[in-house]
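What's in run-v3.cif: mmCIF, C-alpha atoms
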```cif
data_start
loop_
_atom_site.label_atom_id
_atom_site.label_comp_id
_atom_site.auth_asym_id
_atom_site.auth_seq_id
_atom_site.Cartn_x
_atom_site.Cartn_y
_atom_site.Cartn_z
CA MET M 13 136.25 117.61 113.38
CA THR M 14 132.54 116.91 113.86
CA SER M 15 130.97 118.33 117.01
CA HIS M 16 127.80 117.04 118.63
CA THR M 17 125.85 117.57 121.81
CA THR M 18 123.61 114.76 123.04
CA LEU M 19 120.69 115.26 125.44
CA SER M 20 118.30 112.73 126.96
CA PRO M 21 114.83 114.28 127.34
CA GLU M 22 111.58 112.41 127.79
CA ALA M 23 109.63 114.73 125.47
CA LEU M 24 110.17 117.62 123.06
CA LEU M 25 108.16 120.86 123.08
CA PHE M 26 108.18 123.04 119.97
CA ASP M 27 107.23 126.61 119.34
CA MET M 28 105.66 126.93 115.88
CA ASP M 29 106.40 130.20 114.05
CA GLY M 30 110.10 130.50 113.33
CA THR M 31 110.82 127.09 114.84
CA LEU M 32 108.75 124.61 112.80
CA VAL M 33 107.11 126.98 110.32
CA ASP M 34 108.69 129.94 108.53
CA SER M 35 105.81 132.43 108.43
CA THR M 36 107.97 135.55 108.35
CA VAL M 37 106.45 137.00 105.17
CA VAL M 38 102.89 136.61 106.48
CA VAL M 39 103.69 138.04 109.91
CA GLU M 40 105.36 141.06 108.36
CA ARG M 41 102.49 141.67 105.94
CA THR M 42 99.95 141.48 108.76
CA TRP M 43 101.69 143.86 111.15
CA ARG M 44 102.62 146.32 108.41
CA ARG M 45 98.95 146.59 107.44
CA PHE M 46 98.08 147.17 111.10
CA ALA M 47 100.78 149.85 111.38
CA ARG M 48 99.56 151.64 108.24
CA ARG M 49 95.95 151.67 109.45
CA HIS M 50 96.92 153.37 112.68
CA GLY M 51 99.91 155.48 111.66
CA LEU M 52 102.37 153.41 113.69
CA ASP M 53 106.02 152.43 113.27
CA ALA M 54 105.93 148.92 111.78
CA GLU M 55 109.57 148.19 112.60
CA ARG M 56 108.99 148.92 116.27
CA ILE M 57 106.02 146.56 116.34
CA LEU M 58 107.85 143.78 114.48
CA ALA M 59 110.78 144.04 116.89
CA THR M 60 108.60 142.85 119.78
CA ALA M 61 105.62 141.01 118.24
CA HIS M 62 107.38 137.73 117.50
CA GLY M 63 106.52 134.98 119.94
CA ARG M 64 103.67 136.87 121.59
CA ARG M 65 99.91 136.51 121.24
CA THR M 66 98.32 138.87 118.71
CA GLY M 67 95.97 140.48 121.21
CA GLU M 68 98.82 141.37 123.55
CA THR M 69 100.69 143.16 120.76
CA VAL M 70 97.55 145.00 119.66
CA ALA M 71 96.90 146.12 123.23
CA ARG M 72 100.47 147.36 123.54
CA TYR M 73 100.55 149.44 120.35
CA ALA M 74 96.98 150.38 119.39
CA PRO M 75 96.25 154.10 119.74
CA ALA M 76 93.76 155.26 122.35
CA GLY M 77 90.19 154.64 121.32
CA VAL M 78 90.89 151.58 119.18
CA ASP M 79 88.72 148.56 119.98
CA VAL M 80 91.44 146.07 120.89
CA ALA M 81 89.19 143.02 120.71
CA ALA M 82 87.82 143.96 117.29
CA GLU M 83 91.27 144.80 115.92
CA THR M 84 92.67 141.53 117.24
CA ALA M 85 89.85 139.57 115.62
CA ARG M 86 90.53 141.33 112.32
CA LEU M 87 94.25 140.53 112.43
CA VAL M 88 93.65 136.89 113.35
CA ALA M 89 91.17 136.52 110.49
CA GLU M 90 93.70 138.03 108.08
CA GLU M 91 96.40 135.65 109.27
CA VAL M 92 94.17 132.60 108.98
CA GLU M 93 93.40 133.45 105.35
CA ASP M 94 96.96 134.43 104.38
CA VAL M 95 99.21 131.38 103.99
CA ASP M 96 101.05 132.54 100.85
CA GLY M 97 104.76 132.04 101.37
CA ILE M 98 104.55 129.79 104.43
CA VAL M 99 107.14 127.00 104.32
CA PRO M 100 108.57 124.53 106.83
CA VAL M 101 111.77 125.41 108.64
CA PRO M 102 114.46 123.23 107.02
CA GLY M 103 114.60 119.85 108.70
CA ALA M 104 111.19 120.13 110.36
CA PRO M 105 109.39 117.52 108.19
CA ALA M 106 112.00 114.83 108.77
CA LEU M 107 112.36 115.59 112.47
CA LEU M 108 108.63 115.46 113.21
CA ALA M 109 108.25 112.30 111.13
CA SER M 110 110.81 110.61 113.39
CA LEU M 111 108.86 111.32 116.60
CA ALA M 112 106.21 109.18 118.26
CA GLY M 113 102.97 111.10 118.71
CA ASP M 114 103.06 111.02 122.51
CA ARG M 115 106.62 112.35 122.78
CA TRP M 116 106.18 115.85 121.41
CA ALA M 117 103.86 118.85 121.51
CA VAL M 118 103.50 122.29 119.98
CA VAL M 119 103.27 125.25 122.36
CA THR M 120 102.48 128.36 120.35
CA SER M 121 101.35 131.94 120.72
CA ALA M 122 99.12 131.45 117.68
CA GLY M 123 95.48 130.51 118.08
CA ARG M 124 94.32 126.95 117.42
CA GLU M 125 92.75 127.67 113.99
CA LEU M 126 95.80 129.62 112.84
CA THR M 127 98.10 126.83 114.02
CA HIS M 128 96.14 124.26 112.01
CA ARG M 129 96.30 126.46 108.91
CA ARG M 130 100.02 127.19 109.12
CA MET M 131 101.07 123.63 109.92
CA ALA M 132 98.98 122.38 106.99
CA ALA M 133 100.37 125.05 104.66
CA ALA M 134 103.88 123.97 105.60
CA GLY M 135 103.01 120.30 105.08
CA LEU M 136 103.68 119.41 108.72
CA PRO M 137 101.70 116.99 110.90
CA LEU M 138 99.70 118.23 113.85
CA PRO M 139 100.78 116.86 117.21
CA SER M 140 98.53 114.85 119.48
CA LEU M 141 98.99 117.68 121.97
CA LEU M 142 98.68 121.33 120.96
CA VAL M 143 98.78 124.15 123.49
CA SER M 144 97.73 127.30 121.65
CA ALA M 145 97.02 130.90 122.58
CA ASP M 146 93.41 129.83 123.07
CA ASP M 147 94.36 127.35 125.79
CA VAL M 148 96.19 129.58 128.28
CA ARG M 149 95.34 132.56 130.43
CA GLU M 150 98.75 134.16 129.88
CA GLY M 151 100.90 133.99 126.77
CA LYS M 152 104.67 133.80 126.55
CA PRO M 153 106.86 134.86 128.35
CA SER M 154 104.58 133.29 130.95
CA PRO M 155 105.58 129.63 131.48
CA GLU M 156 101.93 128.54 131.49
CA GLY M 157 101.98 126.98 128.04
CA TYR M 158 105.08 124.90 128.64
CA LEU M 159 103.96 123.84 132.10
CA THR M 160 100.58 122.80 130.65
CA ALA M 161 102.23 120.73 127.91
CA ALA M 162 104.63 118.98 130.28
CA ALA M 163 101.80 118.09 132.65
CA ALA M 164 99.66 116.75 129.80
CA LEU M 165 102.56 114.57 128.61
CA ASN M 166 103.11 113.42 132.21
CA VAL M 167 106.73 114.57 132.33
CA ARG M 168 108.58 117.07 134.48
CA PRO M 169 109.41 120.34 132.68
CA ALA M 170 113.09 119.66 133.42
CA ALA M 171 112.77 116.36 131.52
CA THR M 172 111.71 118.13 128.33
CA VAL M 173 113.66 120.12 125.77
CA VAL M 174 112.04 123.22 124.31
CA PHE M 175 112.81 124.47 120.80
CA GLU M 176 112.36 128.22 120.46
CA ASP M 177 113.47 131.09 118.24
CA ALA M 178 112.26 134.20 120.10
CA GLU M 179 113.01 136.01 123.35
CA ALA M 180 109.50 135.66 124.77
CA GLY M 181 109.46 131.91 124.19
CA LEU M 182 112.93 131.38 125.63
CA ARG M 183 111.94 133.33 128.72
CA ALA M 184 108.83 131.15 129.02
CA ALA M 185 110.93 127.98 128.83
CA ALA M 186 113.35 129.26 131.46
CA ALA M 187 110.49 130.23 133.79
CA ALA M 188 109.03 126.74 133.36
CA GLY M 189 112.36 125.15 134.28
CA ALA M 190 112.69 123.53 130.86
CA PRO M 191 116.04 123.50 129.02
CA ALA M 192 115.89 125.15 125.62
CA VAL M 193 117.55 124.96 122.23
CA VAL M 194 117.64 128.13 120.13
CA VAL M 195 116.62 127.62 116.51
CA GLY M 196 117.99 130.27 114.15
CA ASP M 197 119.94 133.43 114.81
CA HIS M 198 118.24 134.88 117.89
CA GLY M 199 120.82 136.11 120.38
CA GLY M 200 118.81 137.98 123.02
CA PRO M 201 119.46 137.77 126.77
CA ALA M 202 117.27 134.69 127.29
CA ALA M 203 119.32 132.76 124.73
CA ALA M 204 122.53 133.11 126.75
CA GLY M 205 124.04 129.73 127.52
CA CYS M 206 121.54 127.76 125.42
CA PRO M 207 122.76 125.49 122.61
CA LYS M 208 121.93 126.95 119.21
CA VAL M 209 121.28 125.28 115.84
CA ARG M 210 120.90 126.99 112.50
CA ASP M 211 117.78 124.98 111.68
CA LEU M 212 116.26 121.57 112.38
CA ARG M 213 118.50 119.77 109.90
CA GLU M 214 121.05 119.86 112.72
CA VAL M 215 118.72 117.94 115.07
CA THR M 216 118.14 114.19 115.15
CA VAL M 217 116.13 112.10 117.60
CA THR M 218 116.03 108.39 118.31
CA ASP M 219 113.90 106.57 120.85
CA THR M 220 115.97 104.49 123.25
CA GLY M 221 112.95 102.37 124.15
CA ARG M 222 113.45 103.18 127.82
CA GLY M 223 111.18 106.20 128.05
CA VAL M 224 114.02 108.52 127.07
CA LEU M 225 114.87 110.10 123.73
CA ARG M 226 118.38 110.48 122.39
CA LEU M 227 118.51 114.04 121.08
CA THR M 228 121.59 114.93 119.06
CA LEU M 229 122.45 118.50 118.08
CA LYS M 230 125.01 118.69 115.31
CA HIS M 231 127.53 121.53 115.58
CA PRO M 232 125.61 123.30 118.37
CA GLU M 233 126.79 126.86 118.81
CA PRO M 234 126.38 128.07 122.40
CA VAL M 235 124.96 131.58 122.60
CA SER M 236 127.47 133.79 124.34
CA ARG M 237 126.48 135.76 127.39
CA ALA M 238 126.27 139.50 126.98
#
```
Please express the file's structure as structure tokens.
Amino acid sequence: MTSHTTLSPEALLFDMDGTLVDSTVVVERTWRRFARRHGLDAERILATAHGRRTGETVARYAPAGVDVAAETARLVAEEVEDVDGIVPVPGAPALLASLAGDRWAVVTSAGRELTHRRMAAAGLPLPSLLVSADDVREGKPSPEGYLTAAAALNVRPAATVVFEDAEAGLRAAAAAGAPAVVVGDHGGPAAAGCPKVRDLREVTVTDTGRGVLRLTLKHPEPVSRA
């Protein structure tokens, strides 16, 4: 028996890394180099870095005396140059191709240059509206990015659907008052009660022509509450 959930948002807001773009190998390489330079536990860093701005993670883990701004700039430069192994999340190319340019945005913890590089490496189109780490005062889990995107698209946050794969991003969506869909296997506290898809092949969108999208999630798996 086929199971579907249908939603009717006015716009879609996407995280990038882990949601549209699979950059796992690059992210791990970058943070493992950082950990080796400073004698840190790479696994501990990787457990919390996903979905957060680079500078915030550096500030959290860098030993005393490290120039946080300089170290952040170094890591960002490394990430911009390293696109080996970046691929689209399955289903992302077809899904984005089906969307009108004014009905979706990317809200990411990556900087603008890095976003351009990773989207291009994955063969994905850039949205008309991009809210990057460079465009907000506070990164996820602050709702600032999602609130900014909704305002720019002239829709209420509650009339959007956010696609996220990480705890920080899901917390940001919840704080913005935007319903979220979990992409992938994340099952943290912020995912509780959200519909969950394995990847974007389980998502289809059609435009009703009435200012509302018909968003269908195939076989959505609700995340159980802890």
Please evaluate the PyMOL selection byres ((chain M and resi 47) around 12) against the displayed coordinates and give the resulting residues as a ChimeraX atom specification.
/M:40-46,48-58,69-70,73-75,83,87
Who sits within 12 Å of M:Thr17, all atoms listed in the file, same chain under 6 positions skipped, as a list in words:
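Close residues of M:Thr17: Val193, Cys206, Pro207, Lys208, Val209, Glu214, Val215, Thr216, Val217, Arg226, Leu227, Thr228, Leu229, Lys230, His231, Pro232, Glu233 and Pro234 of chain M.
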Between atom CA of M:Leu24 and atom CA of M:Ala59, measure the distance and give it in Å to one decimal.
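The value is 27.1 Å.
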Go through M:Asp211, M:Asp219, M:Glu22, M:Glu156 one by one, measure the shortest atom-to-atom distance of each to M:Gly189 using all atoms listed in the file, and give the residue with the smallest value.
M:Glu156
So which residues get picked by the PyMOL selection byres ((chain M and resi 29) around 12) here, written as number ranges by chain?
M: 26-28, 30-39, 61-65, 98-101, 104, 118-123, 126-127, 129-131, 134, 144, 175-178, 181, 195-196
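Shortest atom-to-atom contact with M:Leu142 among M:Gly157, M:Pro102, M:Gly199, M:Pro191: M:Gly157, counting all atoms listed in the file.
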Could you work out how far atom CA of M:Tyr158 lies from atom CA of M:Asp94, giving the answer in Å with one decimal?
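About the pair atom CA of M:Asp94 and atom CA of M:Tyr158: they are 27.3 Å apart.
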Any idea what the distance is between atom CA of M:Arg213 and atom CA of M:Val167?
25.9 Å
Between M:Lys152, M:Arg115, M:His16, M:Arg86, which residue has the minimum interatomic distance to M:Arg183, considering only C-alpha atoms?
M:Lys152
Take the PyMOL selection byres ((chain M and resi 141) around 9), apply it to the structure above, and return the hits as a PyMOL selection string.
chain M and resi 113-114+116-119+138-140+142-143+161+164-165
Mind writing the picked residues with C-alpha atoms as a PDB file, keeping the file's coordinate frame?
```
ATOM      1  CA  GLY M 113     102.970 111.100 118.710  1.00  0.00           C
ATOM      2  CA  ASP M 114     103.060 111.020 122.510  1.00  0.00           C
ATOM      3  CA  TRP M 116     106.180 115.850 121.410  1.00  0.00           C
ATOM      4  CA  ALA M 117     103.860 118.850 121.510  1.00  0.00           C
ATOM      5  CA  VAL M 118     103.500 122.290 119.980  1.00  0.00           C
ATOM      6  CA  VAL M 119     103.270 125.250 122.360  1.00  0.00           C
ATOM      7  CA  LEU M 138      99.700 118.230 113.850  1.00  0.00           C
ATOM      8  CA  PRO M 139     100.780 116.860 117.210  1.00  0.00           C
ATOM      9  CA  SER M 140      98.530 114.850 119.480  1.00  0.00           C
ATOM     10  CA  LEU M 142      98.680 121.330 120.960  1.00  0.00           C
ATOM     11  CA  VAL M 143      98.780 124.150 123.490  1.00  0.00           C
ATOM     12  CA  ALA M 161     102.230 120.730 127.910  1.00  0.00           C
ATOM     13  CA  ALA M 164      99.660 116.750 129.800  1.00  0.00           C
ATOM     14  CA  LEU M 165     102.560 114.570 128.610  1.00  0.00           C
TER      15      LEU M 165
END
```
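With distances restricted to all atoms listed in the file, M:Ala202 is the closest residue to M:Ala180 from M:Ala192, M:Leu107, M:Ala202, M:Ala163.
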Centre and edges of the stretch 44-60 of chain M box, axis-aligned, 4 Å extra per side, as AutoDock Vina command-line options:
```
--center_x 103.4 --center_y 149.2 --center_z 113.6 --size_x 22.8 --size_y 20.6 --size_z 20.3
```
Can you work out which one of M:Glu93, M:Pro169, M:Arg72, M:Ala185 has the shortest atom-to-atom distance to M:Thr60, counting all atoms listed in the file?
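Comparing M:Glu93, M:Pro169, M:Arg72, M:Ala185 against M:Thr60, the winner is M:Arg72.
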Go through M:Ala112, M:Ala89, M:Ala184, M:Ala106 and flag the residue nearest M:Gly151, using all atoms listed in the file for the distances.
M:Ala184
Please extract stretch 97-214 of chain M and write it out with C-alpha atoms, as a compact mmCIF listing (two decimals), in the first residue's frame.
```txt
# COMPACT_ATOMS: atom_id res chain seq x y z
CA GLY M 97 33.63 14.07 -3.92
CA ILE M 98 30.74 16.55 -3.75
CA VAL M 99 27.57 15.14 -5.31
CA PRO M 100 23.89 16.08 -5.26
CA VAL M 101 21.61 14.42 -2.75
CA PRO M 102 19.54 11.91 -4.76
CA GLY M 103 16.49 13.59 -6.22
CA ALA M 104 17.78 17.15 -5.77
CA PRO M 105 18.36 17.93 -9.48
CA ALA M 106 14.87 16.87 -10.53
CA LEU M 107 13.18 18.55 -7.58
CA LEU M 108 14.89 21.92 -8.08
CA ALA M 109 14.26 21.78 -11.82
CA SER M 110 10.53 21.50 -11.09
CA LEU M 111 10.41 24.70 -9.01
CA ALA M 112 9.77 28.24 -10.19
CA GLY M 113 12.60 30.57 -9.22
CA ASP M 114 10.50 32.71 -6.90
CA ARG M 115 9.09 29.78 -4.91
CA TRP M 116 12.24 28.48 -3.25
CA ALA M 117 15.39 29.62 -1.48
CA VAL M 118 18.53 28.18 0.06
CA VAL M 119 19.24 29.03 3.71
CA THR M 120 22.68 27.72 4.60
CA SER M 121 25.36 27.95 7.25
CA ALA M 122 27.96 28.05 4.48
CA GLY M 123 29.30 31.35 3.19
CA ARG M 124 28.13 32.72 -0.15
CA GLU M 125 31.28 31.78 -2.11
CA LEU M 126 31.32 28.27 -0.67
CA THR M 127 27.63 27.83 -1.49
CA HIS M 128 28.24 28.82 -5.11
CA ARG M 129 31.15 26.37 -5.36
CA ARG M 130 29.32 23.42 -3.83
CA MET M 131 26.08 23.92 -5.75
CA ALA M 132 28.07 24.16 -8.99
CA ALA M 133 30.14 21.08 -8.12
CA ALA M 134 26.93 19.15 -7.53
CA GLY M 135 25.44 20.42 -10.80
CA LEU M 136 22.58 22.22 -9.05
CA PRO M 137 21.10 25.61 -9.97
CA LEU M 138 21.48 28.57 -7.66
CA PRO M 139 18.23 30.01 -6.35
CA SER M 140 17.10 33.56 -6.96
CA LEU M 141 17.27 33.96 -3.18
CA LEU M 142 20.23 32.74 -1.16
CA VAL M 143 20.59 33.45 2.56
CA SER M 144 24.12 32.43 3.52
CA ALA M 145 26.26 32.66 6.63
CA ASP M 146 27.45 36.01 5.30
CA ASP M 147 23.93 37.45 5.36
CA VAL M 148 22.93 36.92 9.00
CA ARG M 149 24.14 38.11 12.37
CA GLU M 150 23.42 34.75 14.01
CA GLY M 151 23.70 31.32 12.45
CA LYS M 152 21.50 28.29 13.04
CA PRO M 153 19.93 27.38 15.45
CA SER M 154 18.91 31.04 15.37
CA PRO M 155 15.79 31.45 13.19
CA GLU M 156 17.25 34.57 11.54
CA GLY M 157 18.07 32.91 8.23
CA TYR M 158 14.66 31.34 7.77
CA LEU M 159 12.84 34.48 8.87
CA THR M 160 14.93 36.51 6.41
CA ALA M 161 14.14 34.15 3.54
CA ALA M 162 10.41 34.07 4.26
CA ALA M 163 10.26 37.87 4.41
CA ALA M 164 12.18 38.20 1.14
CA LEU M 165 9.76 35.78 -0.56
CA ASN M 166 6.84 37.72 0.95
CA VAL M 167 5.37 34.69 2.71
CA ARG M 168 4.70 33.89 6.35
CA PRO M 169 7.19 31.41 7.86
CA ALA M 170 4.23 29.14 8.67
CA ALA M 171 3.38 29.08 4.94
CA THR M 172 6.77 27.63 4.03
CA VAL M 173 8.21 24.15 4.38
CA VAL M 174 11.84 23.82 5.43
CA PHE M 175 14.01 20.88 4.35
CA GLU M 176 16.77 20.13 6.85
CA ASP M 177 19.07 17.29 7.87
CA ALA M 178 20.71 18.55 11.07
CA GLU M 179 19.68 19.42 14.61
CA ALA M 180 20.76 23.06 14.43
CA GLY M 181 18.78 23.65 11.26
CA LEU M 182 15.66 21.92 12.55
CA ARG M 183 15.82 24.01 15.71
CA ALA M 184 16.13 27.13 13.55
CA ALA M 185 13.05 26.16 11.54
CA ALA M 186 11.04 25.48 14.69
CA ALA M 187 12.08 28.82 16.21
CA ALA M 188 11.00 30.55 12.99
CA GLY M 189 7.59 28.88 13.14
CA ALA M 190 8.21 27.03 9.88
CA PRO M 191 7.20 23.37 9.48
CA ALA M 192 10.10 21.12 8.57
CA VAL M 193 10.79 17.90 6.70
CA VAL M 194 13.81 15.85 7.79
CA VAL M 195 15.99 14.67 4.92
CA GLY M 196 18.07 11.60 5.75
CA ASP M 197 18.54 9.70 8.98
CA HIS M 198 18.80 12.46 11.59
CA GLY M 199 16.74 11.59 14.65
CA GLY M 200 17.68 14.23 17.23
CA PRO M 201 15.20 15.95 19.55
CA ALA M 202 14.30 18.71 17.06
CA ALA M 203 13.26 16.09 14.50
CA ALA M 204 10.54 14.68 16.75
CA GLY M 205 7.16 14.77 15.06
CA CYS M 206 8.51 15.97 11.70
CA PRO M 207 7.88 13.94 8.54
CA LYS M 208 11.05 12.27 7.32
CA VAL M 209 12.18 11.23 3.83
CA ARG M 210 15.22 9.17 2.93
CA ASP M 211 16.23 11.61 0.20
CA LEU M 212 14.65 14.02 -2.26
CA ARG M 213 13.53 11.27 -4.63
CA GLU M 214 10.62 10.91 -2.22
```
